[in-house]
Protein chains: 2
Amino acid sequence: MTALYVEIAEGLRRSILSGEYAVGARLPSESDLADRWSASRGTVRQAVALLTSEGLIGSRQGARRIVLRRERRHSFAELHSFAQWARAMGYQATSRFLRRERRGATPEEARRLALPERADVLDVLRLRLLDGEPVMVERTAYADWVAPTVEALPVDCASIMDSMAEDAGIVAHYGEHLIDAVPAGSDDARLLRVRRGSPLLRQRHLTSNPDGRPIEWTEDRYRAGSVTFNVSNSVGTAPLVRDPGALLM
Amino acid sequence: MTALYVEIAEGLRRSILSGEYAVGARLPSESDLADRWSASRGTVRQAVALLTSEGLIGSRQGARRIVLRRERRHSFAELHSFAQWARAMGYQATSRFLRRERRGATPEEARRLALPERADVLDVLRLRLLDGEPVMVERTAYADWVAPTVEALPVDCASIMDSMAEDAGIVAHYGEHLIDAVPAGSDDARLLRVRRGSPLLRQRHLTSNPDGRPIEWTEDRYRAGSVTFNVSNSVGTAPLVRDPGALLM
DNA sequence: TGAAGGAACTTGTCTGAACAAGCCGCCCTT
DNA sequence: AAGGGCGGCTTGTTCAGACAAGTTCCTTCA
């Protein structure tokens with residue numbers, strides 16, 4: 001039983017993606033849509049707010065809403081799960097576990113994961129491949145309370161996040177992502193088959209469950225050219241921000 | 001006359017940032033806040049939705065809202081304007097114009113800017129500095145309809161976007177950003193004082209006005225370590241997405 | 001002591017109404 | 001023919017109420 005406003009949003013999204021409304025075209029008015037779906041104007045506004053946050057449509061007071069793009073955006077889960085994203089894009093994602101062992105948390109890990117000093121974390125190093133091509137090196141510290149679940153997973157597990165959700169009901173709900181560029185270390189270079197010092201796109205992210213409890217702190221290093229991050233925003237919604245780097249601290 | 005829901009959001013944001021509610025703490029209930037501000041519950045929900053989209057608070061049906069972080073997020077304008085962002089962060093932003101001339105649009109520029117083939121664009125190359133330190137190389141193609149405005153700006157202009165808004169009423173409203181890593185070319189290397197081939201964080205972005213009409217297509221290259229991009233998201237709102245790169249096309 | 005049950009609380013969804021603010025096109029004037 | 005002004009349309013903001021769905025916590029029972 002999906003909510004009505006979600007259904008309306010899906011209907012509109014389909015129409016936009018299928019080209020029924022071209023880029024730049026004006027959408028029907030809110031009251032129009034309300035009549036069409038037998039909904040109130042408030043419900044329609046929830047639907048269009050959803051599409052606005054996806055960057056699909058724009059609006060100005062007084063004028064009809066317009067279509068900004070006609071490309072699919074993806075879900076939260078696909079940002080946290082390399083495997084889910086790859087599947088959605090039509091790639092074959094595989095991975096090789098290179099390390100999986102417990103050790104004491106570094107000060108940064110303890111801080112990010114809200115763990116006491118000297119708590120144990122589960123340290124996992126994986127090489128990720130798309131269609132057999134090495135694309136990303138992933139270094140994850142799992143919080144102690146999820147470590148047993150991760151340790152129990154088979155070595156050939158394609159998506160740890162998927163498996164945790166299925167087996168233990170541990171689901172990701174919130175995420176924070178830090179994106180920058182770093183030179184490849186010698187390990188990175190060997191694994192990704194690039195020269196040492198060549199550019200890698202780094203995505204560090206903290207994943208939390210619905211209670212706000214941190215699950216994992218991960219550093220992903222993508223081979224240059226393999227992945228681009230994509231953000232849409234507008235006045236009023238600015239999900240992405242710059243942060244100054246250590247260079248200027 | 002700011003809207004009531006914006007005022008409520010600002011009040012809550014201040015409380016969170018000041019530490020009145022610790023990270024992980026529960027916020028007052030919606031009806032509680034509605035009483036406190038003499039507002040209806042719907043208005044309070046608009047306020048908390050704003051903070052949720054900023055990644056500041058999280059929610060689950062049935063349970064009280066919780067504080068996820070206590071850091072400031074910045075506005076849309078600061079993402080599009082290097083100068084505005086720098087000012088907000090307390091840095092002195094300067095820039096050097098290295099080129100400013102009209103030329104024919106490349107096929108990609110024509111496509112991004114929704115211009116006909118062989119239309120003219122204004123090509124601007126700038127070196128951006130923070131506190132005198134070279135940090136970013138910016139290559140922008142301005143659409144023909146804004147070119148005269150940009151050409152009229154003084155050479156020492158710190159923020160083109162600010163000046164365009166003031167002088168000609170041309171305001172940025174929507175943005176799309178593509179982020180990846182690239183090796184420094186020889187020009188980049190000389191300007192940013194790094195070695196050729198060393199990692200740069202690249203942000204390409206298209207800026208449009210309220211009608212959805214493209215204003216500029218820009219490629220910014222940040223020196224590694226100088227800037228980190230930061231995104232928060234949760235189930236239901238995923239502003240950031242990965243895109244496959246040319247490597248796999 | 002521990003577990004099950006239920007009541008009270010809280011967020012999620014939806015309605016219908018009203019007014020404000022801004023945009024657009026038509027008509028009228030010059 | 002060009003320009004200005006006005007009225008209708010559309011989005012933005014706010015309200016009060018209702019029910020659904022999920023959480024929390026206390027009480028009661030085994």
# chains A, B, ... in the order shown; residues from 1 in each chain; ligands from 1
>>> closest_atom_pairs(of="chain B", to="chain C", cutoff="12 Å", atoms="only C-alpha atoms (C1' of nucleotides)", output="JSON lines")
{"residue": "B:Met1", "atom": "CA", "partner": "C:DA20", "partner_atom": "C1'", "distance": 11.9}
{"residue": "B:Ala3", "atom": "CA", "partner": "C:DA20", "partner_atom": "C1'", "distance": 11.5}
{"residue": "B:Arg26", "atom": "CA", "partner": "C:DT10", "partner_atom": "C1'", "distance": 11.8}
{"residue": "B:Leu27", "atom": "CA", "partner": "C:DT10", "partner_atom": "C1'", "distance": 11.4}
{"residue": "B:Pro28", "atom": "CA", "partner": "C:DT10", "partner_atom": "C1'", "distance": 10.1}
{"residue": "B:Ser29", "atom": "CA", "partner": "C:DT10", "partner_atom": "C1'", "distance": 6.9}
{"residue": "B:Glu30", "atom": "CA", "partner": "C:DT10", "partner_atom": "C1'", "distance": 8.0}
{"residue": "B:Ser31", "atom": "CA", "partner": "C:DT10", "partner_atom": "C1'", "distance": 9.0}
{"residue": "B:Asp32", "atom": "CA", "partner": "C:DT10", "partner_atom": "C1'", "distance": 10.6}
{"residue": "B:Arg41", "atom": "CA", "partner": "C:DT11", "partner_atom": "C1'", "distance": 11.1}
{"residue": "B:Gly42", "atom": "CA", "partner": "C:DT13", "partner_atom": "C1'", "distance": 11.5}
{"residue": "B:Arg45", "atom": "CA", "partner": "C:DT11", "partner_atom": "C1'", "distance": 9.9}
{"residue": "B:Val48", "atom": "CA", "partner": "C:DT11", "partner_atom": "C1'", "distance": 11.7}
{"residue": "B:Gly58", "atom": "CA", "partner": "C:DT11", "partner_atom": "C1'", "distance": 11.5}
{"residue": "B:Ser59", "atom": "CA", "partner": "C:DT11", "partner_atom": "C1'", "distance": 8.0}
{"residue": "B:Arg60", "atom": "CA", "partner": "C:DT11", "partner_atom": "C1'", "distance": 6.9}
{"residue": "B:Gln61", "atom": "CA", "partner": "C:DT11", "partner_atom": "C1'", "distance": 4.4}
{"residue": "B:Gly62", "atom": "CA", "partner": "C:DT10", "partner_atom": "C1'", "distance": 4.8}
{"residue": "B:Ala63", "atom": "CA", "partner": "C:DT10", "partner_atom": "C1'", "distance": 5.8}
{"residue": "B:Arg64", "atom": "CA", "partner": "C:DT10", "partner_atom": "C1'", "distance": 6.3}
{"residue": "B:Arg65", "atom": "CA", "partner": "C:DT11", "partner_atom": "C1'", "distance": 8.6}
{"residue": "B:Asp211", "atom": "CA", "partner": "C:DC23", "partner_atom": "C1'", "distance": 11.9}
>>> write_last_selection(atoms="C-alpha atoms", output="PDB file, in the first residue's frame")
ATOM      1  CA  MET B   1       8.742  38.895   5.832  1.00  0.00           C
ATOM      2  CA  ALA B   3       7.673  32.507   6.181  1.00  0.00           C
ATOM      3  CA  ARG B  26      15.162  13.623  20.817  1.00  0.00           C
ATOM      4  CA  LEU B  27      13.524  16.808  19.604  1.00  0.00           C
ATOM      5  CA  PRO B  28      10.199  18.012  20.989  1.00  0.00           C
ATOM      6  CA  SER B  29       7.179  16.451  19.324  1.00  0.00           C
ATOM      7  CA  GLU B  30       5.427  18.200  16.441  1.00  0.00           C
ATOM      8  CA  SER B  31       2.383  19.161  18.498  1.00  0.00           C
ATOM      9  CA  ASP B  32       4.691  20.471  21.193  1.00  0.00           C
ATOM     10  CA  ARG B  41       1.189  20.985  12.851  1.00  0.00           C
ATOM     11  CA  GLY B  42       1.443  21.233   9.073  1.00  0.00           C
ATOM     12  CA  ARG B  45       6.196  19.663   9.504  1.00  0.00           C
ATOM     13  CA  VAL B  48      11.349  19.884  10.159  1.00  0.00           C
ATOM     14  CA  GLY B  58      16.226  12.213  11.163  1.00  0.00           C
ATOM     15  CA  SER B  59      12.857  10.659  11.814  1.00  0.00           C
ATOM     16  CA  ARG B  60      11.010   7.361  12.008  1.00  0.00           C
ATOM     17  CA  GLN B  61       7.268   6.972  12.154  1.00  0.00           C
ATOM     18  CA  GLY B  62       6.101   6.625  15.740  1.00  0.00           C
ATOM     19  CA  ALA B  63       9.327   7.775  17.365  1.00  0.00           C
ATOM     20  CA  ARG B  64      10.428  11.284  18.146  1.00  0.00           C
ATOM     21  CA  ARG B  65      12.801  13.023  15.762  1.00  0.00           C
ATOM     22  CA  ASP B 211      13.058  29.450 -16.412  1.00  0.00           C
TER      23      ASP B 211
END
>>> residues_around(residues="Pro183 of chain A", least_positions_apart="4", cutoff="12 Å", atoms="only C-alpha atoms (C1' of nucleotides)", output="MDAnalysis selection string")
(chainID A and resid 187:189 194:202 221:224) or (chainID B and resid 181:184 195 197:201 223:225)
>>> atom_distance(atom1="atom CA of Ile160 of chain B", atom2="atom CA of Arg102 of chain B")
16.5 Å
>>> atom_distance(atom1="atom CA of Leu113 of chain A", atom2="atom CA of Asp167 of chain A")
21.8 Å
>>> interface_residues(of="chain D", to="chain B", cutoff="8 Å", atoms="only C-alpha atoms (C1' of nucleotides)", output="list in words")
DT13, DT14, DC15, DA16, DA21, DG22, DT23 and DT24 of chain D
>>> select_by_dssp(residues="segment 11-215 of chain A", states="strand (DSSP E or B)", output="PDB file with C-alpha atoms, in the first residue's frame")
ATOM      1  CA  ARG A  26       5.066  23.097 -18.421  1.00  0.00           C
ATOM      2  CA  ILE A  57      11.249  19.619 -12.136  1.00  0.00           C
ATOM      3  CA  GLY A  58      11.549  23.230 -11.068  1.00  0.00           C
ATOM      4  CA  SER A  59       9.039  25.811  -9.968  1.00  0.00           C
ATOM      5  CA  ARG A  60       8.531  29.543  -9.465  1.00  0.00           C
ATOM      6  CA  ALA A  63       4.202  30.194 -13.039  1.00  0.00           C
ATOM      7  CA  ARG A  64       3.538  26.579 -13.911  1.00  0.00           C
ATOM      8  CA  ARG A  65       6.107  23.991 -13.001  1.00  0.00           C
ATOM      9  CA  ILE A  66       8.619  23.085 -15.700  1.00  0.00           C
ATOM     10  CA  VAL A  67      10.561  19.953 -16.571  1.00  0.00           C
ATOM     11  CA  ALA A  93      29.551  -6.390  -9.878  1.00  0.00           C
ATOM     12  CA  THR A  94      31.969  -8.758  -8.178  1.00  0.00           C
ATOM     13  CA  SER A  95      34.357  -8.356  -5.303  1.00  0.00           C
ATOM     14  CA  ARG A  96      37.437  -9.932  -3.739  1.00  0.00           C
ATOM     15  CA  PHE A  97      37.935  -9.912   0.024  1.00  0.00           C
ATOM     16  CA  LEU A  98      41.594  -9.078   0.701  1.00  0.00           C
ATOM     17  CA  ARG A  99      41.328  -8.721   4.457  1.00  0.00           C
ATOM     18  CA  ARG A 100      38.686  -9.248   7.134  1.00  0.00           C
ATOM     19  CA  GLU A 101      39.897  -9.040  10.714  1.00  0.00           C
ATOM     20  CA  ARG A 102      39.226  -7.337  14.018  1.00  0.00           C
ATOM     21  CA  ARG A 103      41.538  -4.679  15.367  1.00  0.00           C
ATOM     22  CA  GLY A 104      41.417  -1.673  17.659  1.00  0.00           C
ATOM     23  CA  ASP A 120      37.262  -3.150  18.407  1.00  0.00           C
ATOM     24  CA  VAL A 121      36.170  -2.639  14.820  1.00  0.00           C
ATOM     25  CA  LEU A 122      35.982  -5.112  11.977  1.00  0.00           C
ATOM     26  CA  ASP A 123      38.420  -4.045   9.296  1.00  0.00           C
ATOM     27  CA  VAL A 124      37.511  -5.133   5.771  1.00  0.00           C
ATOM     28  CA  LEU A 125      39.509  -4.520   2.603  1.00  0.00           C
ATOM     29  CA  ARG A 126      37.822  -5.342  -0.676  1.00  0.00           C
ATOM     30  CA  LEU A 127      38.596  -4.911  -4.343  1.00  0.00           C
ATOM     31  CA  ARG A 128      35.480  -4.176  -6.368  1.00  0.00           C
ATOM     32  CA  LEU A 129      35.120  -5.039 -10.042  1.00  0.00           C
ATOM     33  CA  LEU A 130      32.633  -4.071 -12.728  1.00  0.00           C
ATOM     34  CA  GLU A 133      37.453  -4.706 -14.468  1.00  0.00           C
ATOM     35  CA  PRO A 134      38.973  -3.514 -11.162  1.00  0.00           C
ATOM     36  CA  VAL A 135      37.338  -0.216 -10.398  1.00  0.00           C
ATOM     37  CA  MET A 136      37.428   0.518  -6.678  1.00  0.00           C
ATOM     38  CA  VAL A 137      39.263  -0.288  -3.481  1.00  0.00           C
ATOM     39  CA  GLU A 138      37.084  -0.280  -0.383  1.00  0.00           C
ATOM     40  CA  ARG A 139      38.369  -0.007   3.180  1.00  0.00           C
ATOM     41  CA  THR A 140      35.618  -0.328   5.792  1.00  0.00           C
ATOM     42  CA  ALA A 141      35.539  -0.234   9.582  1.00  0.00           C
ATOM     43  CA  TYR A 142      32.361  -1.869  10.888  1.00  0.00           C
ATOM     44  CA  TYR A 174      21.213   7.915   6.938  1.00  0.00           C
ATOM     45  CA  GLY A 175      24.456   8.657   5.186  1.00  0.00           C
ATOM     46  CA  GLU A 176      27.080  11.323   5.100  1.00  0.00           C
ATOM     47  CA  HIS A 177      29.572  11.443   2.247  1.00  0.00           C
ATOM     48  CA  LEU A 178      32.887  13.243   1.842  1.00  0.00           C
ATOM     49  CA  ILE A 179      34.262  13.385  -1.664  1.00  0.00           C
ATOM     50  CA  ASP A 180      37.729  14.445  -2.772  1.00  0.00           C
ATOM     51  CA  ALA A 181      40.677  13.380  -4.901  1.00  0.00           C
ATOM     52  CA  VAL A 182      43.806  11.571  -3.692  1.00  0.00           C
ATOM     53  CA  PRO A 183      46.890  10.066  -5.344  1.00  0.00           C
ATOM     54  CA  PRO A 199      44.365  10.358  -9.491  1.00  0.00           C
ATOM     55  CA  LEU A 200      41.701   8.461  -7.592  1.00  0.00           C
ATOM     56  CA  LEU A 201      38.244   9.722  -6.650  1.00  0.00           C
ATOM     57  CA  ARG A 202      37.789   9.148  -2.940  1.00  0.00           C
ATOM     58  CA  GLN A 203      34.374   8.779  -1.275  1.00  0.00           C
ATOM     59  CA  ARG A 204      34.402   8.401   2.486  1.00  0.00           C
ATOM     60  CA  HIS A 205      31.026   7.703   4.003  1.00  0.00           C
ATOM     61  CA  LEU A 206      29.421   7.073   7.333  1.00  0.00           C
ATOM     62  CA  THR A 207      26.301   4.925   7.325  1.00  0.00           C
ATOM     63  CA  SER A 208      23.810   4.916  10.203  1.00  0.00           C
ATOM     64  CA  PRO A 214      26.658   4.411  13.122  1.00  0.00           C
ATOM     65  CA  ILE A 215      27.077   1.136  11.257  1.00  0.00           C
TER      66      ILE A 215
END
>>> atom_distance(atom1="atom CA of Met161 of chain A", atom2="atom CA of Glu54 of chain B")
24.2 Å
>>> select_by_dssp(residues="segment 25-245 of chain B", states="helix (DSSP H, G or I)", output="VMD selection string")
chain B and resid 30 to 37 41 to 53 76 to 80 82 to 89 107 to 112 147 to 151 160 to 168 186 to 192
>>> write_last_selection(atoms="C-alpha atoms", output="compact mmCIF listing (two decimals), in the first residue's frame")
# COMPACT_ATOMS: atom_id res chain seq x y z
CA GLU B 30 5.43 18.20 16.44
CA SER B 31 2.38 19.16 18.50
CA ASP B 32 4.69 20.47 21.19
CA LEU B 33 6.49 22.70 18.68
CA ALA B 34 3.19 23.75 17.14
CA ASP B 35 1.99 25.01 20.53
CA ARG B 36 5.27 26.70 21.26
CA TRP B 37 5.23 28.65 17.99
CA ARG B 41 1.19 20.98 12.85
CA GLY B 42 1.44 21.23 9.07
CA THR B 43 3.62 24.30 9.33
CA VAL B 44 5.88 22.61 11.87
CA ARG B 45 6.20 19.66 9.50
CA GLN B 46 7.40 22.00 6.76
CA ALA B 47 10.06 23.30 9.13
CA VAL B 48 11.35 19.88 10.16
CA ALA B 49 11.25 18.73 6.52
CA LEU B 50 13.67 21.55 5.77
CA LEU B 51 16.07 20.42 8.48
CA THR B 52 15.70 16.82 7.37
CA SER B 53 16.72 17.76 3.82
CA PHE B 76 22.68 26.86 -2.89
CA ALA B 77 24.36 30.13 -3.82
CA GLU B 78 27.52 29.14 -2.01
CA LEU B 79 27.79 26.01 -4.10
CA HIS B 80 27.65 27.99 -7.31
CA PHE B 82 33.28 30.16 -5.07
CA ALA B 83 33.53 33.70 -3.75
CA GLN B 84 30.40 33.47 -1.61
CA TRP B 85 31.47 30.13 -0.21
CA ALA B 86 34.93 31.40 0.63
CA ARG B 87 33.52 34.45 2.37
CA ALA B 88 31.16 32.30 4.43
CA MET B 89 34.07 30.11 5.48
CA PRO B 107 29.48 20.38 -29.54
CA GLU B 108 29.34 19.52 -25.83
CA GLU B 109 28.95 23.16 -24.81
CA ALA B 110 26.19 23.70 -27.37
CA ARG B 111 24.38 20.64 -26.04
CA ARG B 112 24.73 21.55 -22.36
CA ALA B 147 28.00 37.12 -22.62
CA PRO B 148 27.58 40.94 -22.90
CA THR B 149 26.89 41.20 -19.19
CA VAL B 150 29.99 39.19 -18.31
CA GLU B 151 32.17 41.10 -20.76
CA ILE B 160 30.75 36.97 -11.55
CA MET B 161 27.52 35.37 -10.32
CA ASP B 162 26.98 38.07 -7.68
CA SER B 163 27.64 40.84 -10.19
CA MET B 164 25.33 39.36 -12.80
CA ALA B 165 22.52 39.18 -10.25
CA GLU B 166 23.05 42.79 -9.19
CA ASP B 167 23.66 44.40 -12.57
CA ALA B 168 21.41 42.44 -14.89
CA SER B 186 50.52 20.95 -17.90
CA ASP B 187 48.59 24.23 -17.66
CA ASP B 188 46.83 23.10 -14.49
CA ALA B 189 50.12 21.98 -13.01
CA ARG B 190 51.85 25.30 -13.66
CA LEU B 191 48.95 27.40 -12.34
CA LEU B 192 48.25 25.33 -9.25
>>> closest_residue(among="A:Arg213, A:Arg118, A:Arg70, A:Arg13", to="chain B", atoms="only C-alpha atoms")
A:Arg213
>>> closest_residue(among="B:Trp145, B:Tyr91, B:Phe229, B:Trp217", to="chain A", atoms="only C-alpha atoms")
B:Phe229
